[in-house]
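K.L.:
Following this line is data_6.tsv, made up of TSV, C-alpha atoms:
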chain	number	residue	atom	x	y	z
G	1	MET	CA	16.80	-18.64	-68.03
G	2	LYS	CA	18.49	-20.87	-65.51
G	3	HIS	CA	17.87	-18.21	-62.91
G	4	ILE	CA	14.21	-17.99	-63.69
G	5	VAL	CA	13.78	-21.74	-63.32
G	6	PHE	CA	15.65	-21.61	-60.03
G	7	LEU	CA	13.51	-18.71	-58.84
G	8	ALA	CA	10.34	-20.53	-59.82
G	9	LEU	CA	11.46	-23.65	-57.95
G	10	ALA	CA	12.40	-21.58	-54.92
G	11	LEU	CA	9.00	-19.92	-54.99
G	12	LEU	CA	7.28	-23.28	-55.19
G	13	ALA	CA	9.27	-24.50	-52.22
G	14	VAL	CA	8.10	-21.66	-49.98
G	15	LEU	CA	4.47	-21.83	-51.00
G	16	PRO	CA	2.34	-23.39	-48.27
G	17	ALA	CA	1.40	-26.99	-48.90
G	18	HIS	CA	-2.27	-26.27	-49.44
G	19	ALA	CA	-1.50	-23.91	-52.30
G	20	GLN	CA	0.07	-26.74	-54.26
G	21	LYS	CA	-3.04	-28.85	-54.16
G	22	ALA	CA	-5.36	-28.73	-57.11
G	23	PRO	CA	-7.22	-25.47	-56.57
G	24	SER	CA	-10.68	-26.09	-55.22
G	25	SER	CA	-13.24	-23.45	-55.97
G	26	THR	CA	-15.01	-23.64	-52.68
G	27	LEU	CA	-15.00	-22.00	-49.32
G	28	THR	CA	-14.36	-24.63	-46.66
G	29	VAL	CA	-14.12	-24.61	-42.89
G	30	GLU	CA	-12.05	-27.31	-41.21
G	31	GLN	CA	-10.47	-28.21	-37.86
G	32	VAL	CA	-13.41	-26.87	-35.86
G	33	TRP	CA	-12.73	-27.41	-32.17
G	34	ALA	CA	-13.26	-26.03	-28.69
G	35	ARG	CA	-11.58	-26.59	-25.38
G	36	ALA	CA	-13.43	-28.36	-22.63
G	37	THR	CA	-14.45	-25.76	-20.06
G	38	PRO	CA	-13.60	-25.95	-16.36
G	39	GLY	CA	-16.48	-26.48	-13.96
G	40	GLY	CA	-18.42	-23.28	-13.45
G	41	ALA	CA	-16.85	-21.46	-16.41
G	42	LYS	CA	-19.33	-19.21	-18.19
G	43	THR	CA	-17.29	-18.70	-21.34
G	44	GLY	CA	-15.53	-20.83	-23.92
G	45	ALA	CA	-13.67	-20.46	-27.20
G	46	VAL	CA	-14.02	-22.13	-30.59
G	47	TYR	CA	-11.10	-22.36	-33.01
G	48	LEU	CA	-11.22	-23.22	-36.71
G	49	THR	CA	-9.56	-22.87	-40.09
G	50	VAL	CA	-11.19	-21.26	-43.13
G	51	VAL	CA	-9.83	-22.04	-46.59
G	52	ASN	CA	-11.07	-19.66	-49.25
G	53	GLY	CA	-10.61	-21.59	-52.48
G	54	THR	CA	-12.82	-19.18	-54.40
G	55	GLY	CA	-11.55	-16.37	-56.55
G	56	SER	CA	-13.15	-13.64	-54.49
G	57	ASP	CA	-12.50	-12.07	-51.12
G	58	ASP	CA	-14.94	-12.97	-48.41
G	59	LYS	CA	-15.42	-12.38	-44.71
G	60	ILE	CA	-16.98	-14.02	-41.68
G	61	VAL	CA	-19.76	-11.66	-40.64
G	62	ALA	CA	-21.70	-13.61	-38.02
G	63	VAL	CA	-21.55	-16.66	-35.80
G	64	SER	CA	-24.12	-18.45	-33.68
G	65	THR	CA	-24.56	-21.64	-31.71
G	66	PRO	CA	-27.21	-23.15	-29.46
G	67	ALA	CA	-24.38	-24.03	-27.02
G	68	ALA	CA	-24.20	-20.46	-25.74
G	69	ARG	CA	-26.39	-17.46	-25.15
G	70	GLU	CA	-24.14	-15.49	-27.44
G	71	ALA	CA	-21.21	-16.10	-29.78
G	72	GLN	CA	-18.83	-13.34	-30.86
G	73	LEU	CA	-15.76	-13.03	-33.05
G	74	HIS	CA	-12.77	-12.03	-30.94
G	75	THR	CA	-9.10	-11.34	-31.28
G	76	MET	CA	-6.32	-11.16	-28.72
G	77	ILE	CA	-3.87	-8.29	-28.71
G	78	ASP	CA	-0.60	-8.92	-26.90
G	79	ASP	CA	0.43	-5.46	-25.69
G	80	ASN	CA	3.81	-6.05	-24.01
G	81	GLY	CA	2.60	-9.07	-22.08
G	82	VAL	CA	-0.85	-7.59	-21.41
G	83	MET	CA	-3.50	-9.65	-23.19
G	84	LYS	CA	-6.42	-7.61	-24.44
G	85	MET	CA	-9.42	-9.37	-25.94
G	86	ARG	CA	-11.46	-7.36	-28.42
G	87	GLU	CA	-14.61	-8.10	-30.39
G	88	LEU	CA	-14.31	-8.09	-34.18
G	89	LYS	CA	-17.20	-7.09	-36.41
G	90	SER	CA	-15.92	-9.44	-39.12
G	91	ILE	CA	-12.89	-11.51	-40.11
G	92	ASP	CA	-11.48	-11.09	-43.62
G	93	VAL	CA	-10.74	-14.19	-45.67
G	94	LYS	CA	-9.12	-13.02	-48.89
G	95	ALA	CA	-9.38	-14.97	-52.14
G	96	GLY	CA	-7.08	-17.98	-51.96
G	97	ALA	CA	-6.22	-17.34	-48.31
G	98	THR	CA	-6.29	-19.67	-45.32
G	99	VAL	CA	-7.25	-18.04	-42.04
G	100	THR	CA	-6.78	-19.92	-38.78
G	101	LEU	CA	-8.47	-19.02	-35.52
G	102	LYS	CA	-6.22	-20.46	-32.82
G	103	PRO	CA	-5.26	-20.06	-29.15
G	104	GLY	CA	-3.58	-16.74	-28.49
G	105	GLY	CA	-5.17	-15.17	-31.55
G	106	MET	CA	-8.62	-14.94	-33.08
G	107	HIS	CA	-11.40	-17.13	-31.74
G	108	VAL	CA	-15.15	-17.42	-31.48
G	109	MET	CA	-15.99	-16.49	-27.91
G	110	LEU	CA	-18.92	-18.33	-26.38
G	111	ILE	CA	-20.68	-16.30	-23.73
G	112	GLY	CA	-23.18	-17.83	-21.34
G	113	LEU	CA	-22.57	-21.52	-22.01
G	114	ALA	CA	-25.74	-23.61	-21.96
G	115	LYS	CA	-23.75	-26.40	-20.32
G	116	GLN	CA	-20.18	-27.31	-19.49
G	117	LEU	CA	-18.18	-28.45	-22.52
G	118	LYS	CA	-16.66	-31.86	-21.85
G	119	PRO	CA	-13.93	-33.65	-23.83
G	120	GLY	CA	-15.50	-35.80	-26.53
G	121	ASP	CA	-18.66	-33.68	-26.74
G	122	SER	CA	-19.67	-31.95	-29.93
G	123	PHE	CA	-22.10	-29.15	-30.73
G	124	PRO	CA	-23.33	-27.27	-33.80
G	125	LEU	CA	-22.04	-23.86	-34.85
G	126	THR	CA	-23.17	-21.67	-37.74
G	127	LEU	CA	-20.65	-19.42	-39.43
G	128	GLU	CA	-22.01	-16.82	-41.83
G	129	PHE	CA	-19.92	-15.46	-44.66
G	130	GLU	CA	-20.73	-12.28	-46.55
G	131	LYS	CA	-20.66	-14.06	-49.92
G	132	GLY	CA	-20.35	-17.74	-49.06
G	133	GLY	CA	-23.52	-17.75	-46.97
G	134	LYS	CA	-24.07	-19.92	-43.92
G	135	LYS	CA	-21.90	-22.92	-43.05
G	136	GLU	CA	-23.32	-25.42	-40.59
G	137	LEU	CA	-20.42	-26.88	-38.63
G	138	THR	CA	-19.83	-29.37	-35.85
G	139	VAL	CA	-17.44	-28.37	-33.07
G	140	ALA	CA	-15.37	-31.13	-31.46
G	141	VAL	CA	-14.50	-30.59	-27.78
G	142	THR	CA	-10.92	-31.37	-26.71
G	143	LYS	CA	-9.38	-31.30	-23.23
G	144	ALA	CA	-9.40	-28.09	-21.18
G	145	GLY	CA	-6.08	-26.55	-22.14
G	146	ALA	CA	-5.55	-28.17	-25.54
G	147	MET	CA	-3.64	-26.15	-28.10
G	148	GLY	CA	-5.04	-27.87	-31.16
G	149	MET	CA	-7.30	-30.64	-32.37
G	150	GLY	CA	-4.33	-32.97	-32.71
G	151	ASN	CA	-3.71	-33.64	-29.05
G	152	MET	CA	-7.17	-34.59	-27.86
G	153	GLY	CA	-6.89	-36.08	-24.44
G	154	GLY	CA	-3.11	-36.25	-24.39
G	155	MET	CA	-0.54	-34.03	-22.78
G	156	GLY	CA	2.45	-32.99	-24.79
G	157	ASN	CA	2.94	-31.28	-28.07
G	158	THR	CA	1.30	-28.04	-28.97
G	159	PRO	CA	0.66	-28.02	-32.69
G	160	GLY	CA	0.09	-24.73	-34.35
G	161	MET	CA	1.86	-22.78	-31.64
G	162	GLY	CA	5.43	-23.35	-32.72
G	163	ASN	CA	6.33	-19.75	-33.22
G	164	MET	CA	5.13	-18.73	-29.80
G	165	ASP	CA	7.00	-21.52	-28.04
G	166	ASN	CA	10.22	-19.90	-29.07
G	167	MET	CA	9.67	-17.02	-26.72
G	168	PRO	CA	12.65	-17.12	-24.38
G	169	GLY	CA	12.44	-17.18	-20.64
G	170	HIS	CA	13.25	-13.81	-19.17
G	171	ASP	CA	15.56	-13.06	-16.31
G	172	MET	CA	13.98	-10.59	-13.97
G	173	GLY	CA	17.22	-8.60	-14.07
G	174	SER	CA	16.76	-7.88	-17.74
G	175	MET	CA	13.34	-6.35	-17.29
G	176	GLY	CA	14.60	-2.91	-16.43
G	177	GLY	CA	11.92	-0.34	-16.95
G	178	HIS	CA	10.70	-2.07	-20.05
G	179	GLY	CA	7.27	-3.30	-20.73
G	180	MET	CA	5.55	-4.18	-17.56
G	181	GLY	CA	5.70	-1.37	-15.10
G	182	GLY	CA	4.37	1.77	-16.63
G	183	LYS	CA	0.78	0.79	-17.07
G	184	GLN	CA	-0.15	0.23	-13.47
G	185	ASN	CA	-3.15	2.22	-12.51
I	186	MET	CA	28.46	24.37	-45.43
I	187	THR	CA	32.14	24.09	-44.61
I	188	ARG	CA	33.63	20.85	-43.43
I	189	ARG	CA	34.06	22.28	-39.94
I	190	SER	CA	30.48	23.46	-39.67
I	191	ARG	CA	29.28	20.06	-40.90
I	192	VAL	CA	31.23	18.35	-38.12
I	193	LEU	CA	29.81	20.82	-35.61
I	194	PHE	CA	26.32	20.24	-36.93
I	195	ALA	CA	26.68	16.46	-36.61
I	196	PHE	CA	28.10	16.84	-33.11
I	197	GLY	CA	25.18	19.06	-32.15
I	198	ALA	CA	22.68	16.54	-33.54
I	199	VAL	CA	24.26	13.73	-31.50
I	200	LEU	CA	24.09	15.88	-28.36
I	201	LEU	CA	20.44	16.64	-29.01
I	202	ILE	CA	19.61	12.93	-29.40
I	203	LEU	CA	21.54	11.99	-26.27
I	204	GLY	CA	19.75	14.74	-24.39
I	205	ALA	CA	16.35	13.53	-25.56
I	206	VAL	CA	17.13	9.92	-24.60
I	207	GLY	CA	18.41	11.05	-21.23
I	208	ALA	CA	15.29	13.10	-20.55
I	209	GLY	CA	13.14	10.14	-21.57
I	210	LEU	CA	14.98	7.83	-19.19
I	211	TYR	CA	14.71	10.36	-16.41
I	212	VAL	CA	10.96	10.70	-16.87
I	213	GLN	CA	10.58	6.92	-17.08
I	214	SER	CA	12.56	6.34	-13.87
I	215	TRP	CA	10.50	8.99	-12.18
I	216	LEU	CA	7.30	7.19	-13.26
I	217	GLU	CA	8.61	3.76	-12.29
I	218	PRO	CA	10.74	3.93	-9.20
I	219	SER	CA	10.66	0.15	-8.75
I	220	ALA	CA	12.41	-0.32	-12.08
I	221	LEU	CA	15.37	1.83	-11.10
I	222	GLY	CA	18.77	0.22	-11.33
I	223	GLY	CA	17.59	-2.38	-13.80
I	224	ARG	CA	16.90	-5.04	-11.18
I	225	VAL	CA	13.30	-5.15	-10.11
I	226	SER	CA	12.18	-6.19	-6.69
I	227	LEU	CA	8.92	-8.05	-7.15
I	228	GLY	CA	6.88	-10.71	-5.45
I	229	GLY	CA	6.49	-9.24	-1.97
I	230	PRO	CA	3.96	-10.01	0.75
I	231	PHE	CA	0.30	-10.79	0.04
I	232	THR	CA	-2.78	-12.17	1.76
I	233	LEU	CA	-5.30	-14.12	-0.32
I	234	THR	CA	-7.98	-16.78	0.06
I	235	ARG	CA	-8.19	-20.22	-1.48
I	236	ALA	CA	-11.15	-22.58	-1.85
I	237	GLY	CA	-12.69	-23.45	1.49
I	238	GLY	CA	-11.96	-19.95	2.79
I	239	VAL	CA	-8.37	-20.80	3.76
I	240	THR	CA	-6.04	-17.78	4.04
I	241	VAL	CA	-2.82	-17.96	2.03
I	242	THR	CA	0.12	-15.56	2.40
I	243	GLU	CA	3.55	-15.29	0.81
I	244	SER	CA	4.96	-17.43	3.64
I	245	THR	CA	2.46	-20.29	3.17
I	246	TYR	CA	4.55	-21.84	0.41
I	247	ARG	CA	8.00	-20.62	1.50
I	248	GLY	CA	10.55	-23.34	0.72
I	249	LYS	CA	8.82	-24.25	-2.54
I	250	TRP	CA	9.27	-22.92	-6.03
I	251	LEU	CA	6.18	-21.04	-7.16
I	252	LEU	CA	4.72	-20.74	-10.65
I	253	VAL	CA	2.40	-17.73	-10.45
I	254	TYR	CA	-0.13	-16.69	-13.08
I	255	PHE	CA	-2.72	-13.90	-12.91
I	256	GLY	CA	-5.96	-14.31	-14.85
I	257	TYR	CA	-9.74	-14.68	-14.44
I	258	THR	CA	-12.20	-17.48	-14.96
I	259	TYR	CA	-14.31	-15.70	-17.64
I	260	CYS	CA	-11.15	-15.69	-19.78
I	261	PRO	CA	-11.73	-18.16	-22.65
I	262	ASP	CA	-8.37	-18.07	-24.40
I	263	ALA	CA	-5.22	-16.70	-22.71
I	264	CYS	CA	-5.84	-18.18	-19.24
I	265	PRO	CA	-6.60	-21.76	-20.35
I	266	THR	CA	-3.48	-21.56	-22.55
I	267	ALA	CA	-1.24	-20.49	-19.66
I	268	LEU	CA	-2.83	-22.87	-17.16
I	269	ASN	CA	-2.38	-25.73	-19.58
I	270	ALA	CA	1.31	-24.82	-19.94
I	271	ILE	CA	1.63	-24.86	-16.14
I	272	ALA	CA	-0.17	-28.22	-15.92
I	273	GLU	CA	2.09	-29.59	-18.65
I	274	ALA	CA	5.18	-28.27	-16.86
I	275	MET	CA	4.08	-30.05	-13.66
I	276	VAL	CA	3.89	-33.34	-15.58
I	277	LYS	CA	7.25	-32.78	-17.31
I	278	LEU	CA	8.92	-31.93	-14.00
I	279	GLY	CA	8.30	-35.47	-12.77
I	280	PRO	CA	9.34	-35.99	-9.13
I	281	ALA	CA	10.75	-32.42	-8.97
I	282	ALA	CA	7.14	-31.18	-9.16
I	283	ALA	CA	6.85	-32.03	-5.46
I	284	ASN	CA	8.92	-28.87	-4.82
I	285	VAL	CA	6.76	-26.68	-7.04
I	286	GLN	CA	3.47	-24.94	-6.16
I	287	PRO	CA	1.51	-23.40	-9.04
I	288	LEU	CA	-0.75	-20.48	-8.08
I	289	PHE	CA	-3.55	-18.95	-10.15
I	290	ILE	CA	-4.47	-15.50	-8.81
I	291	THR	CA	-7.64	-13.90	-10.14
I	292	VAL	CA	-7.74	-10.26	-11.21
I	293	ASP	CA	-11.54	-10.43	-11.14
I	294	PRO	CA	-12.42	-10.95	-7.46
I	295	ALA	CA	-15.99	-9.68	-7.98
I	296	ARG	CA	-16.93	-12.80	-9.96
I	297	ASP	CA	-14.18	-15.21	-8.90
I	298	THR	CA	-15.06	-16.35	-5.39
I	299	PRO	CA	-12.77	-18.86	-3.64
I	300	ALA	CA	-15.10	-21.70	-4.73
I	301	VAL	CA	-15.28	-20.54	-8.37
I	302	VAL	CA	-11.55	-20.10	-8.75
I	303	GLY	CA	-10.84	-23.39	-6.95
I	304	GLU	CA	-13.19	-25.30	-9.25
I	305	TYR	CA	-11.72	-23.61	-12.32
I	306	VAL	CA	-8.08	-24.60	-11.75
I	307	LYS	CA	-8.96	-28.23	-11.01
I	308	ALA	CA	-9.74	-28.74	-14.70
I	309	PHE	CA	-6.07	-28.20	-15.55
I	310	ASP	CA	-4.20	-29.87	-12.68
I	311	PRO	CA	-5.40	-30.56	-9.14
I	312	ARG	CA	-2.05	-29.28	-7.83
I	313	ILE	CA	-2.77	-25.73	-9.00
I	314	VAL	CA	-4.19	-23.56	-6.18
I	315	GLY	CA	-6.69	-20.89	-7.19
I	316	LEU	CA	-6.57	-17.68	-5.14
I	317	THR	CA	-8.83	-14.68	-4.75
I	318	GLY	CA	-9.28	-11.88	-2.24
I	319	THR	CA	-10.87	-8.54	-1.62
I	320	GLU	CA	-10.39	-5.89	-4.29
I	321	GLY	CA	-7.73	-4.32	-2.09
I	322	GLN	CA	-5.87	-7.60	-1.60
I	323	ILE	CA	-5.87	-8.29	-5.35
I	324	ALA	CA	-4.70	-4.76	-6.11
I	325	ALA	CA	-1.87	-5.21	-3.60
I	326	VAL	CA	-0.62	-8.54	-4.96
I	327	ALA	CA	-0.93	-7.28	-8.56
I	328	LYS	CA	1.23	-4.32	-7.59
I	329	GLU	CA	3.84	-6.63	-6.05
I	330	TYR	CA	4.11	-8.45	-9.39
I	331	GLN	CA	3.59	-5.33	-11.51
I	332	VAL	CA	0.58	-6.99	-13.06
I	333	TYR	CA	-1.69	-4.68	-15.02
I	334	TYR	CA	-5.41	-5.38	-15.10
I	335	LYS	CA	-8.40	-3.36	-16.14
I	336	ARG	CA	-12.08	-4.08	-16.45
I	337	ARG	CA	-13.50	-3.66	-19.93
I	338	ASP	CA	-17.25	-3.52	-20.38
I	339	THR	CA	-18.84	-4.97	-23.51
I	340	ASP	CA	-22.17	-4.35	-25.23
I	341	GLY	CA	-24.66	-6.54	-23.45
I	342	GLY	CA	-22.20	-9.33	-22.62
I	343	PRO	CA	-20.23	-9.92	-19.43
I	344	TYR	CA	-17.27	-7.62	-18.87
I	345	LEU	CA	-13.77	-8.73	-19.82
I	346	MET	CA	-10.44	-8.05	-18.17
I	347	ASP	CA	-7.32	-6.80	-19.91
I	348	HIS	CA	-4.49	-8.32	-17.92
I	349	THR	CA	-0.80	-9.09	-17.92
I	350	SER	CA	-0.44	-12.69	-19.09
I	351	LEU	CA	2.93	-13.84	-17.78
I	352	ILE	CA	3.99	-16.89	-15.79
I	353	TYR	CA	6.30	-15.96	-12.91
I	354	VAL	CA	8.85	-18.14	-11.16
I	355	VAL	CA	9.43	-17.40	-7.45
I	356	ASP	CA	12.32	-19.16	-5.72
I	357	PRO	CA	12.04	-20.95	-2.34
I	358	ALA	CA	13.25	-17.80	-0.57
I	359	GLY	CA	10.33	-15.85	-2.04
I	360	LYS	CA	12.28	-13.95	-4.69
I	361	LEU	CA	10.80	-13.51	-8.14
I	362	VAL	CA	13.54	-14.75	-10.45
I	363	ARG	CA	12.10	-15.29	-13.90
I	364	PHE	CA	9.02	-14.95	-16.06
I	365	PHE	CA	7.65	-16.58	-19.18
I	366	GLY	CA	5.17	-15.43	-21.78
I	367	GLY	CA	1.68	-16.79	-21.16
I	368	SER	CA	1.85	-18.90	-24.33
I	369	SER	CA	5.18	-20.58	-23.56
I	370	SER	CA	5.14	-24.37	-23.69
I	371	GLY	CA	5.06	-26.42	-20.52
I	372	GLU	CA	8.19	-28.20	-21.64
I	373	ARG	CA	10.17	-24.95	-21.81
I	374	ILE	CA	8.96	-23.88	-18.39
I	375	ALA	CA	9.85	-27.26	-16.86
I	376	GLN	CA	13.28	-27.22	-18.48
I	377	HIS	CA	14.11	-23.74	-17.18
I	378	LEU	CA	12.74	-24.55	-13.75
I	379	LEU	CA	14.89	-27.68	-13.51
I	380	GLU	CA	17.94	-25.62	-14.47
I	381	LEU	CA	17.14	-23.06	-11.79
I	382	MET	CA	16.63	-25.82	-9.22
I	383	ASN	CA	19.98	-27.38	-10.11
I	384	GLN	CA	21.76	-24.04	-9.82
I	385	THR	CA	20.58	-23.50	-6.28
I	386	SER	CA	20.78	-27.00	-4.85
Can you turn what I pasted into structure tokens?
P.N.:
Amino acid sequence: MKHIVFLALALLAVLPAHAQKAPSSTLTVEQVWARATPGGAKTGAVYLTVVNGTGSDDKIVAVSTPAAREAQLHTMIDDNGVMKMRELKSIDVKAGATVTLKPGGMHVMLIGLAKQLKPGDSFPLTLEFEKGGKKELTVAVTKAGAMGMGNMGGMGNTPGMGNMDNMPGHDMGSMGGHGMGGKQN
Amino acid sequence: MTRRSRVLFAFGAVLLILGAVGAGLYVQSWLEPSALGGRVSLGGPFTLTRAGGVTVTESTYRGKWLLVYFGYTYCPDACPTALNAIAEAMVKLGPAAANVQPLFITVDPARDTPAVVGEYVKAFDPRIVGLTGTEGQIAAVAKEYQVYYKRRDTDGGPYLMDHTSLIYVVDPAGKLVRFFGGSSSGERIAQHLLELMNQTS
């Protein structure tokens, strides 16, 4: 019995914070942001977090915004240091799951920007879910290379990227024949 | 199976594996002569153009530490991430940044003219120099850094580029000494760069 209690406590401890909150029964989208775009840039990216508090699996099936000629769901594949961006037809958001679109991973790609995105600007974005229907959102624009909504305007920390910051520097001597060379064409 | 034949069998299996690994290494070294010997010689000569039509070669910034990143301006995610890390590193370096020249080299010269690439990098840090060139010049510099890039057409939209997303450190003598993942933090890059600078001064 003691063990079971301990196990239960341990389980609770590893559960993400949001799972401990009173379960909401809604599908919500939060932390909707985009980076300011450099002058002349034709593309941009929107990042956001979807919390599926409903009891059923859902998926993002479409996205649109008046800020760009076209908006697409994209993911980044890191193939041994080669970044490959690919369009996704949909993004799964399982029942109870939180899915975050963030730099270096999934994002909404804006193609053919109507105008340059400047820090402090905001623009509307519509996200369409298979079951949850359409969500009308407002995208907040942060500085050009921001890594999250938290550091608007400031240099410094990169929230949400902690695991990727741990990537060690690499001595050129350790590269050997690994990874980079073979794909030249 | 007797004990002896079992030993022989195991020995044979080990030989087979060693042979397969050896053959694999041989084929790999044959495909990648520059990677032979484990130490790679990268970062050789190049000729490129910066904003204003100014020609830049490998000797233009000799004597400075270089932070080199290859990307393209239609890139909405990986390139802003890496350029932000470089900009952040320049801030963290403090006065030592005076000895560092960050370079952004496009792998998409068809769309990234000197003016476009120059305007693009300014958004991150005015000290970053954006470089482009002819298709041949870009292919040559990419080869020097073993950077892979490939055009990928999309339905209706503009084409994308698959590309190596690494940040390279070149020492003042022009030798490529280190690289970082494109999503490394600026703080890490600055810290390593300061260590390298202290080792050589």
K.L.:
Taking 2 positions as the minimum chain separation for residues in the same chain, which residues sit within 7 Å of segment 268-271 of chain I when counting all atoms listed in the file? Answer as a list of chain:residue names.
P.N.:
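After dropping sequence-adjacent residues, the list is G:Gly145, I:Cys264, I:Pro265, I:Thr266, I:Glu273, I:Ala274, I:Met275, I:Phe309, I:Ser369, I:Ser370, I:Gly371.
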K.L.:
Within 6 Å of segment 325-332 of chain I, counting all atoms listed in the file, which residues show up once you throw out same-chain ones fewer than 5 positions away? Write them as a tab-separated table (two decimals) with C-alpha atoms, in the coordinates of the input, please.
P.N.:
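Dumped everything to result-v5.tsv:
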chain	number	residue	atom	x	y	z
G	181	GLY	CA	5.70	-1.37	-15.10
I	227	LEU	CA	8.92	-8.05	-7.15
I	228	GLY	CA	6.88	-10.71	-5.45
I	229	GLY	CA	6.49	-9.24	-1.97
I	231	PHE	CA	0.30	-10.79	0.04
I	349	THR	CA	-0.80	-9.09	-17.92
K.L.:
Pick from I:Thr291, I:Ser368, I:Gln286, I:Thr339: nearest to Arg312 of chain I, with all atoms listed in the file counted?
P.N.:
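Smallest separation from Arg312 of chain I among the options: I:Gln286.
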K.L.:
Using only C-alpha atoms, determine which residues lie at most 12 Å from Asp121 of chain G, disregarding the query and same-chain residues fewer than 4 positions distant; provide the list as a count of residues only.
P.N.:
16
K.L.:
Kindly give the distance, in Å, that separates atom CA of Asp57 of chain G and atom CA of Val99 of chain G, rounded to a single decimal.
P.N.:
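Those two atoms sit 12.1 Å apart.
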K.L.:
Nearest to chain G among I:Val355, I:Cys260, I:Val285, I:Ala295, with distances taken over all atoms listed in the file: which residue is it?
P.N.:
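Smallest separation from chain G among the options: I:Cys260.
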K.L.:
Return the neighbours of chain G among the residues of chain I, cut-off 8 Å, counting only C-alpha atoms, as a ChimeraX atom specification.
P.N.:
/I:213-214,216-217,220-225,258-263,265-266,268-270,273,301,304-309,328,331-334,342-343,345-351,361-370,373-374,377
K.L.:
Write out as a list in words the residues lying within 10 Å of Glu130 of chain G, counting all atoms listed in the file and excluding same-chain residues fewer than 4 positions away.
P.N.:
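These residues fall inside the cut-off: Asp57, Asp58, Lys59, Ile60, Val61, Ala62, Ser90, Asp92 and Lys134 of chain G.
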K.L.:
Using all atoms listed in the file, give me every residue within 12 Å of (-13.1, -16.0, -7.7) in file coordinates, as a VMD selection string.
P.N.:
(chain G and resid 40 to 41) or (chain I and resid 233 to 238 255 to 259 289 to 306 314 to 320 323)
K.L.:
Considering all atoms listed in the file, can you say which of G:Met149, G:Gly132, G:Val63, G:Gly96 comes closest to Pro119 of chain G?
P.N.:
G:Met149
K.L.:
Can you measure atom CA of Val241 of chain I to atom CA of Ala267 of chain I for me? One decimal in Å is fine.
P.N.:
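Computing it gives 21.9 Å between the two atoms.
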K.L.:
Report as a list in words all protein, DNA and RNA residues lying within 7 Å of Thr49 of chain G, evaluated on only C-alpha atoms, omitting residues in the same chain fewer than 6 positions from it.
P.N.:
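Answer for this query is Val29, Glu30, Gln31, Val32, Thr98, Val99, Thr100 and Leu101 of chain G.
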K.L.:
Could you tell me how far atom CA of Leu48 of chain G sits from atom CA of Arg336 of chain I, in Å to one decimal place?
P.N.:
27.9 Å
